[in-house]
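Below is start-v9.cif, which holds mmCIF, C-alpha atoms.
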data_data
loop_
_atom_site.label_atom_id
_atom_site.label_comp_id
_atom_site.auth_asym_id
_atom_site.auth_seq_id
_atom_site.Cartn_x
_atom_site.Cartn_y
_atom_site.Cartn_z
CA MET A 124 19.74 1.76 46.43
CA ALA A 125 16.25 2.40 44.98
CA LEU A 126 17.80 4.39 42.15
CA LEU A 127 20.29 1.60 41.40
CA LEU A 128 17.54 -1.03 41.37
CA ALA A 129 15.37 1.08 39.09
CA ASN A 130 18.29 1.55 36.70
CA PHE A 131 18.95 -2.22 36.73
CA TYR A 132 15.36 -3.07 35.80
CA VAL A 133 15.37 -0.51 32.98
CA THR A 134 18.67 -1.62 31.42
CA ALA A 135 18.74 -5.36 32.15
CA GLN A 136 17.68 -7.58 29.27
CA VAL A 137 17.48 -11.33 29.53
CA LYS A 138 18.56 -13.06 26.33
CA THR A 139 17.22 -16.51 25.58
CA PRO A 140 17.20 -18.51 22.33
CA GLN A 141 14.07 -18.47 20.19
CA ALA A 142 12.08 -21.68 19.99
CA SER A 143 11.82 -21.11 16.23
CA PRO A 144 15.08 -19.41 15.22
CA LEU A 145 15.15 -16.77 12.50
CA ALA A 146 16.78 -17.63 9.16
CA LYS A 147 17.68 -15.41 6.21
CA ILE A 148 18.54 -16.22 2.59
CA ASP A 149 20.07 -13.75 0.15
CA GLN A 150 20.58 -15.29 -3.27
CA VAL A 151 21.32 -13.83 -6.71
CA VAL A 152 19.74 -15.80 -9.55
CA GLY A 153 20.98 -14.49 -12.87
CA LEU A 154 20.56 -10.74 -12.33
CA THR A 155 17.69 -10.99 -9.82
CA ASN A 156 18.25 -10.74 -6.08
CA ILE A 157 15.96 -12.95 -3.99
CA GLN A 158 15.72 -12.51 -0.22
CA ILE A 159 13.82 -14.78 2.16
CA GLU A 160 13.32 -14.32 5.90
CA TYR A 161 11.50 -16.88 8.03
CA SER A 162 11.38 -18.59 11.42
CA ARG A 163 12.07 -22.33 11.69
CA PRO A 164 9.80 -24.40 13.97
CA SER A 165 10.87 -27.96 14.78
CA ALA A 166 8.75 -31.12 14.80
CA LYS A 167 9.90 -32.29 18.26
CA GLY A 168 8.30 -35.69 17.81
CA ARG A 169 4.97 -34.29 16.66
CA THR A 170 3.12 -35.17 13.47
CA VAL A 171 3.39 -32.04 11.34
CA TYR A 172 1.07 -32.07 8.33
CA GLY A 173 -2.47 -33.05 9.04
CA ASP A 174 -2.01 -32.36 12.77
CA LEU A 175 0.32 -29.55 13.89
CA VAL A 176 -0.33 -27.93 10.51
CA PRO A 177 -3.91 -28.92 9.59
CA PHE A 178 -4.77 -29.85 6.02
CA GLY A 179 -6.98 -27.42 4.15
CA LYS A 180 -6.25 -24.42 6.38
CA LEU A 181 -4.15 -21.34 5.65
CA TRP A 182 -0.69 -21.58 7.23
CA ARG A 183 1.85 -18.87 7.94
CA THR A 184 4.52 -21.14 6.37
CA GLY A 185 6.88 -21.02 9.30
CA ALA A 186 6.53 -19.49 12.75
CA ASN A 187 6.30 -16.10 14.44
CA GLY A 188 6.08 -13.14 12.05
CA ASN A 189 5.45 -13.39 8.35
CA THR A 190 7.70 -15.51 6.22
CA THR A 191 8.70 -12.98 3.56
CA ILE A 192 10.21 -13.28 0.11
CA SER A 193 11.33 -10.45 -2.15
CA PHE A 194 12.36 -10.25 -5.79
CA SER A 195 14.36 -7.37 -7.29
CA GLU A 196 12.88 -8.02 -10.75
CA ASP A 197 9.55 -9.19 -12.11
CA THR A 198 9.49 -12.98 -11.80
CA LYS A 199 7.39 -15.90 -13.00
CA ILE A 200 6.22 -18.34 -10.33
CA ALA A 201 5.06 -21.66 -11.76
CA GLY A 202 4.57 -19.85 -15.07
CA LYS A 203 2.55 -16.95 -13.63
CA GLU A 204 3.71 -13.32 -13.49
CA LEU A 205 4.69 -11.81 -10.13
CA LYS A 206 5.75 -8.16 -9.97
CA LYS A 207 9.02 -7.34 -8.26
CA GLY A 208 8.63 -6.50 -4.57
CA LYS A 209 8.31 -8.06 -1.12
CA TYR A 210 5.59 -10.53 -0.20
CA ALA A 211 4.38 -12.60 2.73
CA LEU A 212 4.41 -16.29 1.82
CA TYR A 213 1.30 -18.21 2.88
CA THR A 214 0.32 -21.77 2.02
CA THR A 215 -2.66 -24.07 2.32
CA PRO A 216 -1.26 -27.61 2.66
CA LYS A 217 -3.37 -30.53 1.48
CA ALA A 218 -2.56 -34.20 1.14
CA ASP A 219 -2.30 -34.09 -2.66
CA SER A 220 -1.71 -30.39 -3.45
CA TRP A 221 -0.58 -27.11 -1.88
CA ASP A 222 -1.83 -23.62 -2.60
CA VAL A 223 1.02 -21.09 -2.42
CA ILE A 224 0.04 -17.45 -1.91
CA PHE A 225 2.15 -14.30 -2.30
CA TYR A 226 0.48 -11.62 -0.17
CA SER A 227 1.39 -7.94 -0.54
CA GLU A 228 1.08 -7.08 3.18
CA THR A 229 4.13 -8.36 5.04
CA ASN A 230 3.96 -6.98 8.59
CA ASN A 231 1.55 -9.44 10.21
CA TRP A 232 2.40 -11.68 13.12
CA GLY A 233 1.33 -14.97 11.62
CA LEU A 234 -1.90 -14.70 9.63
CA PRO A 235 -3.66 -11.36 8.99
CA GLU A 236 -6.50 -10.60 11.39
CA GLU A 237 -8.64 -9.86 8.33
CA TRP A 238 -7.78 -11.57 5.06
CA ASN A 239 -8.02 -9.30 2.01
CA ASP A 240 -8.20 -11.01 -1.38
CA GLU A 241 -7.13 -7.76 -3.05
CA LYS A 242 -3.73 -8.18 -1.39
CA VAL A 243 -3.18 -11.59 -2.99
CA ALA A 244 -0.58 -10.78 -5.64
CA LEU A 245 -0.38 -14.36 -6.88
CA LYS A 246 -1.70 -17.82 -6.06
CA VAL A 247 -0.33 -21.03 -7.55
CA THR A 248 -0.94 -24.71 -6.86
CA VAL A 249 1.89 -27.25 -6.66
CA LYS A 250 2.26 -30.93 -5.77
CA PRO A 251 3.91 -32.10 -2.53
CA GLU A 252 6.50 -34.88 -2.59
CA THR A 253 7.24 -37.51 0.03
CA THR A 254 10.93 -37.73 0.94
CA THR A 255 12.88 -40.66 2.33
CA LYS A 256 14.68 -38.51 4.88
CA SER A 257 12.82 -36.67 7.62
CA VAL A 258 13.58 -32.95 8.15
CA GLU A 259 13.33 -31.95 11.81
CA SER A 260 13.23 -28.15 11.40
CA PHE A 261 11.15 -26.39 8.78
CA SER A 262 13.48 -25.36 5.96
CA ILE A 263 13.34 -23.18 2.88
CA PHE A 264 15.96 -23.57 0.16
CA LEU A 265 16.61 -22.03 -3.22
CA ASN A 266 17.76 -24.93 -5.36
CA ASN A 267 18.41 -26.09 -8.95
CA LEU A 268 19.72 -22.63 -9.82
CA THR A 269 20.58 -21.53 -13.35
CA ASN A 270 20.98 -18.07 -14.87
CA ASP A 271 17.27 -18.03 -15.64
CA ALA A 272 15.46 -20.19 -13.12
CA GLY A 273 15.37 -22.06 -9.85
CA VAL A 274 13.11 -23.76 -7.33
CA ILE A 275 11.87 -22.60 -3.92
CA GLU A 276 11.80 -25.73 -1.74
CA LEU A 277 9.77 -26.00 1.46
CA SER A 278 10.83 -29.02 3.51
CA TRP A 279 9.58 -30.35 6.83
CA GLU A 280 9.05 -33.81 8.23
CA ARG A 281 8.88 -36.10 5.14
CA THR A 282 7.21 -33.56 2.84
CA MET A 283 8.86 -31.29 0.30
CA VAL A 284 7.07 -28.74 -1.87
CA SER A 285 8.89 -27.35 -4.91
CA ILE A 286 7.83 -24.00 -6.36
CA PRO A 287 9.51 -23.33 -9.72
CA PHE A 288 10.36 -19.79 -10.79
CA THR A 289 12.01 -18.05 -13.73
CA VAL A 290 13.74 -14.66 -13.77
CA PRO A 291 14.20 -12.23 -16.70
CA THR A 292 17.96 -12.56 -16.96
CA GLN A 293 18.22 -12.30 -20.73
CA GLU A 294 15.99 -9.22 -20.89
CA ALA A 295 17.91 -7.48 -18.10
CA ALA A 296 21.26 -8.40 -19.63
CA MET A 297 20.23 -7.08 -23.05
CA LYS A 298 19.03 -3.80 -21.54
CA SER A 299 22.35 -3.42 -19.74
CA ILE A 300 24.33 -4.25 -22.89
CA GLU A 301 22.34 -1.87 -25.06
CA LYS A 302 22.60 0.95 -22.51
CA THR A 303 26.35 0.48 -22.10
CA LEU A 304 27.06 0.21 -25.82
CA ALA A 305 24.92 3.27 -26.51
CA GLY A 306 27.37 5.30 -24.45
CA PRO A 307 26.92 7.66 -21.50
CA ALA A 308 23.48 9.15 -20.85
CA ALA A 309 22.65 12.82 -20.33
CA GLY A 310 22.91 12.45 -16.55
CA ASP A 311 26.42 11.01 -16.85
CA TYR A 312 27.63 14.01 -18.88
CA PHE A 313 25.92 16.40 -16.46
CA ALA A 314 27.60 14.75 -13.44
CA ALA A 315 31.02 14.93 -15.13
CA ALA A 316 30.53 18.61 -16.00
CA GLN A 317 29.38 19.39 -12.46
CA TYR A 318 32.43 17.68 -10.97
CA PHE A 319 34.86 19.55 -13.25
CA TYR A 320 33.15 22.87 -12.46
CA GLN A 321 33.16 22.31 -8.70
CA SER A 322 36.75 21.04 -8.59
CA ASN A 323 38.15 23.83 -10.82
CA ASN A 324 39.18 21.39 -13.52
CA ASP A 325 39.20 22.03 -17.28
CA LEU A 326 36.22 24.36 -17.84
CA ASN A 327 36.27 23.79 -21.61
CA LYS A 328 35.64 20.08 -21.00
CA ALA A 329 32.98 20.93 -18.43
CA LEU A 330 31.22 23.16 -20.98
CA THR A 331 31.46 20.48 -23.69
CA TRP A 332 29.99 17.87 -21.38
CA VAL A 333 27.08 20.02 -20.17
CA ASN A 334 26.29 20.93 -23.79
CA THR A 335 26.32 17.22 -24.64
CA ALA A 336 23.96 16.53 -21.71
CA ILE A 337 21.60 19.20 -23.02
CA SER A 338 21.76 17.86 -26.58
CA LEU A 339 20.83 14.34 -25.42
CA MET A 340 17.54 15.44 -23.91
CA PRO A 341 14.41 14.36 -25.84
CA LYS A 342 13.17 17.04 -28.24
CA ASP A 343 9.63 16.85 -26.87
CA LYS A 344 10.70 17.64 -23.30
CA ASP A 345 11.99 20.78 -21.61
CA ILE A 346 15.70 20.97 -20.95
CA PRO A 347 16.23 20.56 -17.19
CA TYR A 348 16.66 24.03 -15.74
CA TRP A 349 19.44 22.74 -13.47
CA TYR A 350 21.41 21.70 -16.57
CA LEU A 351 21.13 25.24 -17.91
CA ARG A 352 21.99 26.65 -14.49
CA LEU A 353 25.23 24.67 -14.45
CA LYS A 354 26.04 25.77 -18.01
CA SER A 355 25.59 29.42 -17.06
CA LEU A 356 27.90 29.01 -14.07
CA ILE A 357 30.58 27.38 -16.24
CA GLN A 358 30.26 30.17 -18.82
CA ALA A 359 30.56 32.86 -16.16
CA LYS A 360 33.56 31.17 -14.58
CA SER A 361 35.17 30.97 -18.03
CA GLY A 362 34.70 34.73 -18.52
CA ASP A 363 31.75 34.55 -20.93
CA LYS A 364 29.30 36.67 -18.92
CA LYS A 365 27.16 37.52 -21.95
CA GLY A 366 26.63 33.85 -22.72
CA ALA A 367 26.10 33.12 -19.02
CA ILE A 368 23.32 35.71 -18.79
CA ALA A 369 21.56 34.32 -21.87
CA THR A 370 21.71 30.78 -20.51
CA ALA A 371 20.62 31.90 -17.03
CA LYS A 372 17.55 33.55 -18.57
CA GLU A 373 16.63 30.22 -20.22
CA SER A 374 17.08 28.45 -16.88
CA LEU A 375 15.02 31.12 -15.13
CA ALA A 376 12.10 30.72 -17.56
CA LEU A 377 12.05 26.95 -17.14
CA ALA A 378 12.44 27.14 -13.34
CA THR A 379 9.51 29.59 -13.22
CA LYS A 380 7.45 27.24 -15.38
CA ALA A 381 8.28 24.36 -13.01
CA GLY A 382 7.51 26.46 -9.93
CA ASN A 383 10.99 26.11 -8.41
CA GLY A 384 11.49 29.28 -6.38
CA ASP A 385 15.03 28.44 -5.34
CA TYR A 386 16.30 28.25 -8.91
CA GLU A 387 14.33 31.38 -9.83
CA LYS A 388 16.15 33.33 -7.13
CA MET A 389 19.57 31.88 -7.95
CA ASN A 390 19.20 32.75 -11.62
CA LYS A 391 17.90 36.25 -10.91
CA ASP A 392 20.76 36.92 -8.49
CA SER A 393 23.34 35.65 -10.99
CA ILE A 394 21.89 37.68 -13.87
CA ALA A 395 22.02 40.80 -11.72
CA GLU A 396 25.62 40.07 -10.68
CA TRP A 397 26.85 39.28 -14.21
CA SER A 398 25.10 42.35 -15.66
CA LYS A 399 27.20 44.81 -13.61
#
As a first step, turn the structure in this file into structure tokens.
Amino acid sequence: MALLLANFYVTAQVKTPQASPLAKIDQVVGLTNIQIEYSRPSAKGRTVYGDLVPFGKLWRTGANGNTTISFSEDTKIAGKELKKGKYALYTTPKADSWDVIFYSETNNWGLPEEWNDEKVALKVTVKPETTTKSVESFSIFLNNLTNDAGVIELSWERTMVSIPFTVPTQEAAMKSIEKTLAGPAAGDYFAAAQYFYQSNNDLNKALTWVNTAISLMPKDKDIPYWYLRLKSLIQAKSGDKKGAIATAKESLALATKAGNGDYEKMNKDSIAEWSK
């Protein structure tokens, strides 16, 4: 009986709803992914701003753990640059303006025990608006979305704060277009050659592709020794042991220069085997 009771206390978990339920937003704006996670306190008949949330004091902007927001690309918030990444969202509400702070440390429960100005990635000031409809539970929305911009809206009671942002859609799209129209990169040719070699497909194509990968490498940089290693394996498998040995020696020299012992050994072993 004691054992059964002990097991019950270890495994039993009481589940109850949170007073401030967790909410998550995952929104693509143009080519930028924005994610928000926050807890939603409710007014419950209380006066929110100026009382429950005092004016002029730093607020966690929600409840429980940090309200967090992340951007997959560099973004402009109210015209100011914010590097891509994940941030805690803090605010200082005032009657006629709000300070909005993006803080690089995101694992606090509420406010940090010690505030560090060096962790403030960005601070902007925006104007609050009075709404005609009261919002019972604190809410964050991403609104007025276009390919290039949007607004982060914080709403609670009869106050709404709009934080405008822009994302680099055109720049990202142009990079994607230019990369695609320029054709496959060296890594693409290497991957294709590796697949054909490993799956016993057309070795002539595999050799052509690995040679193309090698030719696409910048002239001021060393050829990756793993590219040359693959080329030597393809040559050996095709019956060109003389060429395979020469290529393996190039790979060996570069692997030694890079301090990669595994590739040194593989190349030495292969050279010895192909030299018989």
- [ ] Name the residues that the PyMOL selection byres ((chain A and resi 213-227) around 6) pulls out of this structure, and write them as a ChimeraX atom specification.
- [x] /A:178-184,210-212,228,242-251
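Atom CA of Asp240 of chain A lies 22.1 Å from atom CA of Asn187 of chain A.
Among the candidate residues A:Asp345, A:Glu236, A:Glu396, A:Asp385, the one lying nearest to Lys365 of chain A is A:Glu396, with distances computed using all atoms listed in the file.
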Task: Ground truth for the PyMOL selection byres ((chain A and resi 390) around 12), written as a PyMOL selection string - done: chain A and resi 348-349+351-356+367-379+383-389+391-398
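Taking atom CA of Phe264 of chain A and atom CA of Ile159 of chain A as endpoints, the distance between them is 9.3 Å.
What the PyMOL selection byres ((chain A and resi 208) around 9) grabs from this file is Ile192, Ser193, Phe194, Ser195, Glu196, Asp197, Leu205, Lys206, Lys207, Lys209, Tyr210 and Ser227 of chain A.
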- [ ] Determine, counting only C-alpha atoms, which protein, DNA and RNA residues have an atom within 6 Å of an atom of Phe261 of chain A; residues of the same chain fewer than 5 positions away are not included. Present the result as a ChimeraX atom specification.
- [x] /A:163-164,278-279
TODO: Name the closest residue to Glu294 of chain A among the candidates A:Pro140, A:Gly362, A:Gly185, A:Gly153; distances are taken between atoms, counting only C-alpha atoms.
DONE: A:Gly153
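With only C-alpha atoms as the atoms that count, the minimum distance from Gly306 of chain A to the choices A:Val333, A:Leu339, A:Ile286, A:Val171 is reached by A:Leu339.
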TODO: Please identify all polymer residues within 6 Å of Tyr161 of chain A, counting all atoms listed in the file, omitting same-chain residues fewer than 6 positions from it, and present them as a PyMOL selection string.
DONE: chain A and resi 145-146+190
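The shortest atom-to-atom distance to Asp149 of chain A, with all atoms listed in the file taken into account, belongs to A:Thr191 out of A:Thr191, A:Thr292, A:Asn323, A:Ser165.
Pairwise distance (atom CA of Ala272 of chain A, atom CA of Pro291 of chain A) equals 8.8 Å.
Nearest to Lys167 of chain A of all the residues A:Asp325, A:Glu276, A:Glu259, A:Asp363 is A:Glu259, based on all atoms listed in the file.
Of the listed residues (A:Lys380, A:Glu237, A:Gln158, A:Asn334), A:Asn334 comes nearest to Gln358 of chain A; the distances count all atoms listed in the file.
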Box in all listed atoms of segment 190-195 of chain A, axis-aligned, with 6 Å more on each side; write out centre and edge lengths in Å to one decimal as JSON.
{"center_x": 11.0, "center_y": -11.4, "center_z": -0.5, "size_x": 18.7, "size_y": 20.1, "size_z": 25.5}
Taking a cut-off of 12 Å and counting all atoms listed in the file, can you build a table that, for each residue of segment 133-155 of chain A near segment 198-202 of chain A, reports the nearest atom pair and how far apart they are in Å (one decimal), sorted by chain then residue number, as a Markdown table?
| residue | atom | partner | partner_atom | distance |
| --- | --- | --- | --- | --- |
| A:Val152 | CA | A:Thr198 | CA | 10.9 |
| A:Gly153 | CA | A:Thr198 | CA | 11.6 |
| A:Leu154 | CA | A:Thr198 | CA | 11.3 |
| A:Thr155 | CA | A:Thr198 | CA | 8.7 |
Please dump the current selection as a compact mmCIF listing (two decimals), in the frame of the given file; keep C-alpha atoms.
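As written to disk, again.txt reads:
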# COMPACT_ATOMS: atom_id res chain seq x y z
CA VAL A 152 19.74 -15.80 -9.55
CA GLY A 153 20.98 -14.49 -12.87
CA LEU A 154 20.56 -10.74 -12.33
CA THR A 155 17.69 -10.99 -9.82
